[in-house]
$ cat final30.txt   # compact mmCIF, C-alpha atoms and all ligand atoms
# COMPACT_ATOMS: atom_id res chain seq x y z
CA MET A 1 -26.89 -1.62 -9.15
CA GLU A 2 -24.37 -4.33 -8.20
CA LYS A 3 -21.92 -3.57 -5.41
CA ASN A 4 -18.45 -2.47 -6.52
CA GLU A 5 -15.73 -5.10 -6.30
CA LEU A 6 -12.93 -4.47 -3.83
CA LYS A 7 -9.87 -6.37 -4.93
CA HIS A 8 -7.18 -3.89 -3.99
CA LEU A 9 -7.28 -1.55 -1.01
CA ALA A 10 -4.46 0.91 -0.38
CA ILE A 11 -3.70 2.98 2.70
CA ILE A 12 -1.39 5.93 3.33
CA MET A 13 -0.80 5.44 7.05
CA ASP A 14 -0.33 9.08 8.05
CA GLY A 15 -0.53 10.87 11.39
CA ASN A 16 1.53 8.60 13.65
CA GLY A 17 3.82 11.44 14.74
CA ARG A 18 1.00 13.88 15.48
CA TRP A 19 -0.96 11.20 17.33
CA ALA A 20 1.99 10.76 19.71
CA GLN A 21 2.78 14.47 20.03
CA LYS A 22 -0.85 15.21 20.90
CA GLN A 23 -0.28 13.04 23.99
CA GLY A 24 3.04 14.69 24.83
CA LYS A 25 4.96 11.60 23.66
CA LYS A 26 7.79 11.14 21.18
CA ARG A 27 6.97 10.53 17.51
CA SER A 28 8.44 7.02 17.81
CA TYR A 29 5.61 6.12 20.20
CA GLY A 30 3.19 6.89 17.36
CA HIS A 31 5.06 4.73 14.86
CA LYS A 32 4.95 1.81 17.27
CA ALA A 33 1.21 2.27 17.71
CA GLY A 34 0.98 2.42 13.89
CA VAL A 35 2.33 -1.11 13.67
CA GLY A 36 -0.48 -2.31 15.95
CA ALA A 37 -3.06 -0.53 13.80
CA LEU A 38 -1.59 -2.06 10.64
CA GLU A 39 -1.79 -5.56 12.11
CA ARG A 40 -5.44 -5.10 13.07
CA ILE A 41 -6.39 -3.59 9.72
CA ALA A 42 -4.47 -6.16 7.64
CA LEU A 43 -6.06 -9.10 9.47
CA HIS A 44 -9.50 -7.51 9.20
CA ALA A 45 -9.03 -6.86 5.46
CA VAL A 46 -8.39 -10.57 4.92
CA ASP A 47 -11.43 -11.45 7.05
CA ILE A 48 -13.70 -9.35 4.85
CA GLY A 49 -12.29 -10.78 1.63
CA VAL A 50 -9.98 -8.03 0.36
CA GLN A 51 -7.47 -9.80 -1.89
CA CYS A 52 -4.75 -7.22 -1.74
CA LEU A 53 -3.79 -4.49 0.74
CA SER A 54 -1.01 -2.03 -0.10
CA VAL A 55 0.39 0.23 2.61
CA TYR A 56 2.88 3.08 2.49
CA ALA A 57 5.40 2.33 5.23
CA PHE A 58 8.38 4.47 4.17
CA SER A 59 8.86 6.69 1.13
CA THR A 60 12.21 7.35 -0.54
CA ASP A 61 11.74 10.93 0.66
CA ASN A 62 11.30 9.85 4.30
CA PHE A 63 15.11 9.58 4.47
CA LYS A 64 15.00 13.39 4.82
CA ARG A 65 13.71 12.95 8.40
CA SER A 66 16.02 13.15 11.42
CA LYS A 67 18.55 10.34 11.78
CA GLU A 68 16.96 9.45 15.10
CA GLU A 69 13.52 8.96 13.51
CA VAL A 70 14.85 7.06 10.47
CA ASP A 71 16.93 4.77 12.72
CA TYR A 72 13.90 4.14 14.92
CA LEU A 73 11.70 3.27 11.95
CA MET A 74 14.30 0.87 10.53
CA LYS A 75 14.58 -0.92 13.87
CA LEU A 76 10.79 -1.03 14.09
CA PHE A 77 10.62 -2.68 10.65
CA VAL A 78 13.12 -5.36 11.68
CA ASP A 79 11.26 -6.09 14.94
CA SER A 80 7.86 -6.03 13.24
CA PHE A 81 8.78 -8.26 10.32
CA HIS A 82 9.90 -10.86 12.82
CA SER A 83 6.98 -10.50 15.26
CA THR A 84 4.19 -9.95 12.71
CA ASN A 85 5.57 -12.84 10.70
CA ASN A 86 3.51 -15.39 12.59
CA LYS A 87 0.33 -13.29 12.78
CA PHE A 88 0.28 -12.74 9.03
CA ASP A 89 1.50 -16.24 8.27
CA ASN A 90 -1.11 -17.85 10.55
CA ARG A 91 -3.85 -16.04 8.63
CA GLY A 92 -2.47 -17.14 5.28
CA ILE A 93 -1.32 -13.67 4.22
CA LYS A 94 1.45 -13.43 1.65
CA VAL A 95 3.76 -10.46 2.32
CA VAL A 96 5.49 -8.71 -0.58
CA PHE A 97 7.37 -5.41 -0.83
CA SER A 98 7.42 -2.61 -3.36
CA GLY A 99 10.39 -0.26 -3.52
CA VAL A 100 14.14 -0.76 -3.56
CA THR A 101 16.44 -2.29 -1.01
CA ASP A 102 19.52 -0.20 -1.93
CA ASN A 103 20.48 2.02 1.00
CA LEU A 104 18.34 0.08 3.47
CA PRO A 105 20.30 -1.35 6.43
CA ASP A 106 21.30 -5.01 6.02
CA ASP A 107 19.19 -6.20 8.94
CA VAL A 108 16.08 -4.62 7.40
CA VAL A 109 16.75 -6.36 4.08
CA GLU A 110 17.30 -9.65 5.91
CA SER A 111 14.03 -9.32 7.83
CA MET A 112 12.19 -8.53 4.58
CA LYS A 113 13.63 -11.65 2.95
CA THR A 114 12.59 -13.74 5.95
CA ILE A 115 8.95 -12.66 5.88
CA ILE A 116 8.75 -12.94 2.07
CA GLU A 117 10.15 -16.48 2.16
CA LYS A 118 8.02 -17.57 5.11
CA THR A 119 4.75 -16.36 3.59
CA LYS A 120 5.36 -16.91 -0.13
CA ASP A 121 2.91 -19.81 -0.55
CA ASN A 122 0.07 -18.21 1.43
CA GLN A 123 -3.15 -17.74 -0.50
CA ASN A 124 -5.68 -15.85 1.65
CA GLY A 125 -4.55 -12.36 0.66
CA VAL A 126 -1.54 -10.22 -0.23
CA LEU A 127 -0.05 -7.51 1.96
CA ASN A 128 2.12 -5.25 -0.18
CA ILE A 129 4.38 -3.10 2.01
CA CYS A 130 5.77 -0.09 0.17
CA LEU A 131 9.16 0.52 1.77
CA ASN A 132 11.82 2.85 0.43
CA TYR A 133 9.23 3.46 -2.23
CA GLY A 134 8.22 6.20 -4.67
CA GLY A 135 5.48 5.89 -7.29
CA GLN A 136 7.33 7.74 -10.06
CA GLU A 137 10.47 5.72 -9.36
CA GLU A 138 8.43 2.49 -9.67
CA ILE A 139 7.15 3.60 -13.10
CA ILE A 140 10.75 4.28 -14.19
CA ARG A 141 11.80 0.81 -12.95
CA ALA A 142 8.90 -0.75 -14.88
CA SER A 143 9.97 1.11 -18.04
CA GLU A 144 13.52 -0.17 -17.61
CA ARG A 145 12.27 -3.77 -17.27
CA TYR A 146 10.08 -3.33 -20.34
CA HIS A 147 12.96 -1.94 -22.39
CA LYS A 148 15.10 -4.89 -21.40
CA ASP A 149 12.41 -7.31 -22.60
CA LEU A 150 11.94 -5.26 -25.76
CA ASN A 151 15.66 -5.40 -26.53
CA SER A 152 15.86 -9.14 -25.90
CA GLY A 153 12.79 -9.77 -28.07
CA LYS A 154 10.75 -11.16 -25.14
CA ILE A 155 7.99 -8.67 -25.92
CA LYS A 156 7.03 -6.75 -29.05
CA MET A 157 6.16 -3.07 -28.88
CA GLU A 158 2.63 -3.70 -30.18
CA GLU A 159 2.00 -6.12 -27.29
CA MET A 160 2.35 -3.35 -24.72
CA ASN A 161 -0.78 -1.73 -23.35
CA ARG A 162 -1.82 -0.28 -20.02
CA ASP A 163 -2.92 -3.66 -18.60
CA LYS A 164 0.25 -5.41 -19.72
CA PHE A 165 2.38 -2.70 -18.08
CA TYR A 166 1.25 -3.91 -14.63
CA GLU A 167 3.42 -7.00 -15.18
CA TYR A 168 6.47 -4.75 -15.15
CA MET A 169 5.71 -3.03 -11.86
CA ASP A 170 7.49 -4.13 -8.66
CA ASN A 171 4.62 -6.56 -8.03
CA ASN A 172 1.95 -7.53 -10.50
CA LEU A 173 -1.02 -6.38 -8.42
CA PRO A 174 -4.45 -5.32 -9.69
CA PRO A 175 -5.42 -1.65 -10.05
CA ILE A 176 -6.27 0.04 -6.74
CA ASP A 177 -10.04 0.25 -6.18
CA LEU A 178 -10.06 2.21 -2.95
CA MET A 179 -7.36 4.37 -1.37
CA ILE A 180 -7.61 5.78 2.14
CA ARG A 181 -5.26 8.41 3.54
CA THR A 182 -5.48 8.93 7.28
CA GLY A 183 -4.11 11.99 9.10
CA GLY A 184 -6.00 14.84 7.44
CA GLU A 185 -3.64 15.71 4.54
CA ARG A 186 -5.13 15.68 1.04
CA ARG A 187 -2.38 14.58 -1.31
CA LEU A 188 -1.00 11.40 -2.94
CA SER A 189 2.65 11.83 -1.89
CA ASN A 190 4.05 9.76 -4.78
CA PHE A 191 2.13 6.63 -3.73
CA MET A 192 1.30 3.96 -6.37
CA LEU A 193 0.50 6.54 -9.04
CA TYR A 194 0.13 4.07 -11.91
CA GLN A 195 -2.18 1.71 -9.99
CA MET A 196 -4.32 4.56 -8.67
CA MET A 197 -5.79 5.47 -12.09
CA TYR A 198 -9.48 5.03 -11.19
CA ALA A 199 -9.18 4.58 -7.42
CA GLU A 200 -11.90 6.02 -5.23
CA ILE A 201 -10.05 8.18 -2.72
CA TYR A 202 -11.02 8.91 0.89
CA PHE A 203 -9.08 11.44 2.93
CA ILE A 204 -9.96 11.11 6.60
CA ASP A 205 -8.83 13.12 9.62
CA THR A 206 -8.28 10.13 11.94
CA TYR A 207 -4.62 9.62 12.83
CA PHE A 208 -3.48 6.18 11.71
CA PRO A 209 -3.03 4.62 15.20
CA ASP A 210 -6.72 5.41 15.87
CA PHE A 211 -7.92 4.01 12.55
CA ASN A 212 -9.97 0.91 13.31
CA GLU A 213 -11.98 -1.86 11.73
CA LYS A 214 -15.32 -0.05 12.19
CA GLU A 215 -14.14 3.07 10.37
CA LEU A 216 -12.75 0.91 7.57
CA ASP A 217 -16.04 -0.98 7.29
CA ASP A 218 -17.97 2.30 7.08
CA ILE A 219 -15.75 3.57 4.26
CA ILE A 220 -16.04 0.27 2.41
CA ASP A 221 -19.86 0.28 2.77
CA ASN A 222 -19.87 3.74 1.25
CA TYR A 223 -17.46 2.67 -1.51
CA TYR A 224 -19.63 -0.33 -2.47
CA ASP A 225 -22.37 2.00 -3.65
CA VAL A 226 -20.28 4.61 -5.48
CA ASP A 227 -21.10 4.91 -9.17
CA ARG A 228 -17.72 4.04 -10.71
CA ARG A 229 -17.83 4.96 -14.38
CA PHE A 230 -14.16 4.52 -15.37
CA GLY A 231 -14.47 7.40 -17.80
CA GLY A 232 -17.71 6.08 -19.31
CA ILE A 233 -21.32 6.87 -18.41
CA ASN A 234 -23.74 4.89 -16.28
CA GLU A 235 -26.73 2.95 -17.61
CA LYS A 236 -29.28 5.52 -16.47
CA GLU A 237 -27.52 8.39 -18.24
CA ARG A 238 -27.04 6.25 -21.36
CA ASN A 239 -30.81 5.66 -21.62
CA SER A 240 -31.85 9.27 -21.09
C1 LIG B 1 3.53 8.65 8.44
O1 LIG B 1 3.14 9.29 9.64
C2 LIG B 1 4.01 7.34 8.77
C3 LIG B 1 5.25 6.85 8.50
C4 LIG B 1 6.30 7.58 7.79
C5 LIG B 1 5.60 5.51 8.94
C6 LIG B 1 4.48 4.54 8.79
C7 LIG B 1 4.90 3.30 9.40
C8 LIG B 1 4.11 2.52 10.15
C9 LIG B 1 2.69 2.73 10.45
C10 LIG B 1 4.68 1.30 10.66
C11 LIG B 1 4.55 0.28 9.58
C12 LIG B 1 5.01 -0.97 10.05
C13 LIG B 1 5.22 -2.03 9.30
C14 LIG B 1 5.42 -3.30 9.98
C15 LIG B 1 5.22 -1.97 7.83
P1 LIG B 1 3.97 10.54 10.08
O2 LIG B 1 5.13 10.10 10.87
O3 LIG B 1 4.33 11.34 8.86
O4 LIG B 1 2.98 11.30 10.98
P2 LIG B 1 2.77 12.88 11.02
O5 LIG B 1 2.19 13.25 9.69
O6 LIG B 1 1.82 13.05 12.13
O7 LIG B 1 4.11 13.51 11.28
$ encode --input "final30.txt" --output "structure tokens"
Amino acid sequence: MEKNELKHLAIIMDGNGRWAQKQGKKRSYGHKAGVGALERIALHAVDIGVQCLSVYAFSTDNFKRSKEEVDYLMKLFVDSFHSTNNKFDNRGIKVVFSGVTDNLPDDVVESMKTIIEKTKDNQNGVLNICLNYGGQEEIIRASERYHKDLNSGKIKMEEMNRDKFYEYMDNNLPPIDLMIRTGGERRLSNFMLYQMMYAEIYFIDTYFPDFNEKELDDIIDNYYDVDRRFGGINEKERNS
């Protein structure tokens, strides 16, 4: 059997807060360590030929957290998008965002624009950062864009199908092949629901700051050999 393709890897980066609290530190310490882990994982993903990496940095529902934590995360995004700019750019990674910028602080939006602009022509891989993001909300946005095109005659109803619909999402990225959630919880938390249709899903206990290249490689090795049937049957079953 041929190895499965891995075009699009997605990660729910969970467990930063607990990682810090376990060491008697503030949750913010864990978020900062999470940025380091993301940098290592994103650079490694490019090295091993993953075309697209999507990560869940901040959900629309994360605004329910304490003001102190939300403010810290926003500041961390601004600092990171400036400092990671060169690391990602040097490796030819194009950075894009999914989600909405309404109700994000101006300096966050500015830093997002900077990294998008700086990396827009890069071709070695795409890092899609889901920020102020919800999967159901993205599907609603895609439907709104589709209806606009339908009304203006840019698309006909019979031209729509589930592949075409990807073009209306926040970014036209391929379906997710493999999704990893760190931190021990077993749920999807409104993350890229449309793109996750036939994703292989791995829930692991490791807190995100401890997630490393070796553990990712082990999961990917395992994924390569999974029998992905996409709702069909495999050759062996077909012939029996
Ligand atoms: C979930 O862990 C993590 C977050 C809400 C933030 C994730 C953000 C980062 C890793 C930084 C990303 C940085 C960039 C540059 C995009 P949690 O806080 O819910 O942890 P817990 O489940 O232990 O409480």
$ closest_residue --input "final30.txt" --among "A:Asp210, A:Asp221, A:Glu200, A:Asp107" --to "Asp79 of chain A" --atoms "only C-alpha atoms"
A:Asp107
$ residues_near_ligand --input "final30.txt" --ligand "ligand LIG 1 (chain B)" --cutoff "10 Å" --atoms "all atoms listed in the file" --output "count of residues only"
59
$ residues_around --input "final30.txt" --residues "Gln51 of chain A" --least-positions-apart "3" --cutoff "7 Å" --atoms "only C-alpha atoms" --output "PDB file with C-alpha atoms, in the frame of the given file"
ATOM      1  CA  LYS A   7      -9.870  -6.370  -4.930  1.00  0.00           C
ATOM      2  CA  HIS A   8      -7.180  -3.890  -3.990  1.00  0.00           C
ATOM      3  CA  VAL A  46      -8.390 -10.570   4.920  1.00  0.00           C
ATOM      4  CA  GLY A 125      -4.550 -12.360   0.660  1.00  0.00           C
ATOM      5  CA  VAL A 126      -1.540 -10.220  -0.230  1.00  0.00           C
TER       6      VAL A 126
END
$ closest_residue --input "final30.txt" --among "A:Lys94, A:Lys3, A:Lys26, A:Lys154" --to "Asn222 of chain A" --atoms "all atoms listed in the file"
A:Lys3
$ atom_distance --input "final30.txt" --atom1 "atom CA of Met192 of chain A" --atom2 "atom CA of Ile204 of chain A"
18.6 Å
$ residues_near_point --input "final30.txt" --point "(-27.4, -1.6, -8.0)" --cutoff "10 Å" --atoms "all atoms listed in the file" --output "ChimeraX atom specification"
/A:1-4,224-227
$ atom_distance --input "final30.txt" --atom1 "atom CA of Asn124 of chain A" --atom2 "atom CA of Arg91 of chain A"
7.2 Å
$ atom_distance --input "final30.txt" --atom1 "atom CA of Pro105 of chain A" --atom2 "atom CA of Asn86 of chain A"
22.7 Å
$ residues_near_point --input "final30.txt" --point "(-0.7, 2.4, -11.9)" --cutoff "8 Å" --atoms "all atoms listed in the file" --output "ChimeraX atom specification"
/A:166,175-176,192-197
$ closest_residue --input "final30.txt" --among "A:Asp177, A:Glu137, A:Glu158, A:Asp163" --to "Asn190 of chain A" --atoms "only C-alpha atoms"
A:Glu137
$ closest_residue --input "final30.txt" --among "A:Gly134, A:Asp217, A:Leu104, A:Glu110" --to "Leu188 of chain A" --atoms "only C-alpha atoms"
A:Gly134
$ decode --input "final30.txt" --residues "segment 118-192 of chain A" --atoms "C-alpha atoms" --output "mmCIF file, in the first residue's frame"
data_model
loop_
_atom_site.group_PDB
_atom_site.id
_atom_site.type_symbol
_atom_site.label_atom_id
_atom_site.label_comp_id
_atom_site.auth_asym_id
_atom_site.auth_seq_id
_atom_site.Cartn_x
_atom_site.Cartn_y
_atom_site.Cartn_z
ATOM 1 C CA LYS A 118 6.190 40.248 4.290
ATOM 2 C CA THR A 119 5.633 36.549 3.559
ATOM 3 C CA LYS A 120 3.037 36.681 0.781
ATOM 4 C CA ASP A 121 5.339 35.500 -2.032
ATOM 5 C CA ASN A 122 6.927 32.650 -0.056
ATOM 6 C CA GLN A 123 6.497 29.214 -1.584
ATOM 7 C CA ASN A 124 7.920 26.568 0.768
ATOM 8 C CA GLY A 125 4.757 26.080 2.823
ATOM 9 C CA VAL A 126 1.735 27.832 4.304
ATOM 10 C CA LEU A 127 1.181 28.523 7.997
ATOM 11 C CA ASN A 128 -2.499 29.253 8.573
ATOM 12 C CA ILE A 129 -3.013 30.847 11.993
ATOM 13 C CA CYS A 130 -6.614 30.642 13.176
ATOM 14 C CA LEU A 131 -7.101 33.749 15.288
ATOM 15 C CA ASN A 132 -10.433 35.042 16.552
ATOM 16 C CA TYR A 133 -11.717 31.995 14.743
ATOM 17 C CA GLY A 134 -14.674 29.612 14.899
ATOM 18 C CA GLY A 135 -15.338 26.791 12.436
ATOM 19 C CA GLN A 136 -19.114 27.280 12.238
ATOM 20 C CA GLU A 137 -18.642 31.030 11.815
ATOM 21 C CA GLU A 138 -16.226 30.367 8.917
ATOM 22 C CA ILE A 139 -18.846 28.187 7.187
ATOM 23 C CA ILE A 140 -21.399 31.004 7.592
ATOM 24 C CA ARG A 141 -18.908 33.505 6.108
ATOM 25 C CA ALA A 142 -18.288 31.143 3.174
ATOM 26 C CA SER A 143 -22.058 30.849 2.590
ATOM 27 C CA GLU A 144 -22.362 34.638 2.589
ATOM 28 C CA ARG A 145 -19.561 34.947 -0.006
ATOM 29 C CA TYR A 146 -21.200 32.259 -2.130
ATOM 30 C CA HIS A 147 -24.581 33.985 -1.993
ATOM 31 C CA LYS A 148 -22.975 37.240 -3.069
ATOM 32 C CA ASP A 149 -21.428 35.521 -6.099
ATOM 33 C CA LEU A 150 -24.712 33.761 -6.820
ATOM 34 C CA ASN A 151 -26.603 37.054 -6.774
ATOM 35 C CA SER A 152 -24.069 38.783 -9.010
ATOM 36 C CA GLY A 153 -24.099 35.864 -11.470
ATOM 37 C CA LYS A 154 -20.401 35.059 -10.869
ATOM 38 C CA ILE A 155 -21.346 31.464 -10.088
ATOM 39 C CA LYS A 156 -24.352 29.314 -10.977
ATOM 40 C CA MET A 157 -26.021 27.138 -8.365
ATOM 41 C CA GLU A 158 -25.251 23.952 -10.320
ATOM 42 C CA GLU A 159 -21.527 24.817 -10.241
ATOM 43 C CA MET A 160 -21.399 24.507 -6.462
ATOM 44 C CA ASN A 161 -20.157 21.284 -4.932
ATOM 45 C CA ARG A 162 -18.188 20.355 -1.836
ATOM 46 C CA ASP A 163 -14.788 20.897 -3.524
ATOM 47 C CA LYS A 164 -15.800 24.259 -4.965
ATOM 48 C CA PHE A 165 -16.998 25.428 -1.536
ATOM 49 C CA TYR A 166 -13.366 25.463 -0.298
ATOM 50 C CA GLU A 167 -12.816 28.516 -2.506
ATOM 51 C CA TYR A 168 -15.257 30.427 -0.321
ATOM 52 C CA MET A 169 -13.586 29.643 2.988
ATOM 53 C CA ASP A 170 -11.312 32.233 4.659
ATOM 54 C CA ASN A 171 -8.360 30.672 2.817
ATOM 55 C CA ASN A 172 -8.571 28.195 -0.018
ATOM 56 C CA LEU A 173 -6.595 25.414 1.679
ATOM 57 C CA PRO A 174 -6.815 21.683 0.974
ATOM 58 C CA PRO A 175 -8.820 19.328 3.212
ATOM 59 C CA ILE A 176 -7.084 18.478 6.488
ATOM 60 C CA ASP A 177 -5.363 15.080 6.344
ATOM 61 C CA LEU A 178 -4.158 14.861 9.920
ATOM 62 C CA MET A 179 -5.286 16.754 13.019
ATOM 63 C CA ILE A 180 -3.470 16.584 16.343
ATOM 64 C CA ARG A 181 -4.876 17.950 19.587
ATOM 65 C CA THR A 182 -2.396 18.193 22.435
ATOM 66 C CA GLY A 183 -3.364 18.572 26.099
ATOM 67 C CA GLY A 184 -5.491 15.472 26.706
ATOM 68 C CA GLU A 185 -8.982 16.779 25.804
ATOM 69 C CA ARG A 186 -10.926 14.842 23.174
ATOM 70 C CA ARG A 187 -13.034 17.356 21.301
ATOM 71 C CA LEU A 188 -12.902 19.547 18.166
ATOM 72 C CA SER A 189 -13.784 22.874 19.833
ATOM 73 C CA ASN A 190 -15.213 24.442 16.657
ATOM 74 C CA PHE A 191 -11.919 24.080 14.755
ATOM 75 C CA MET A 192 -11.967 23.902 10.921
#
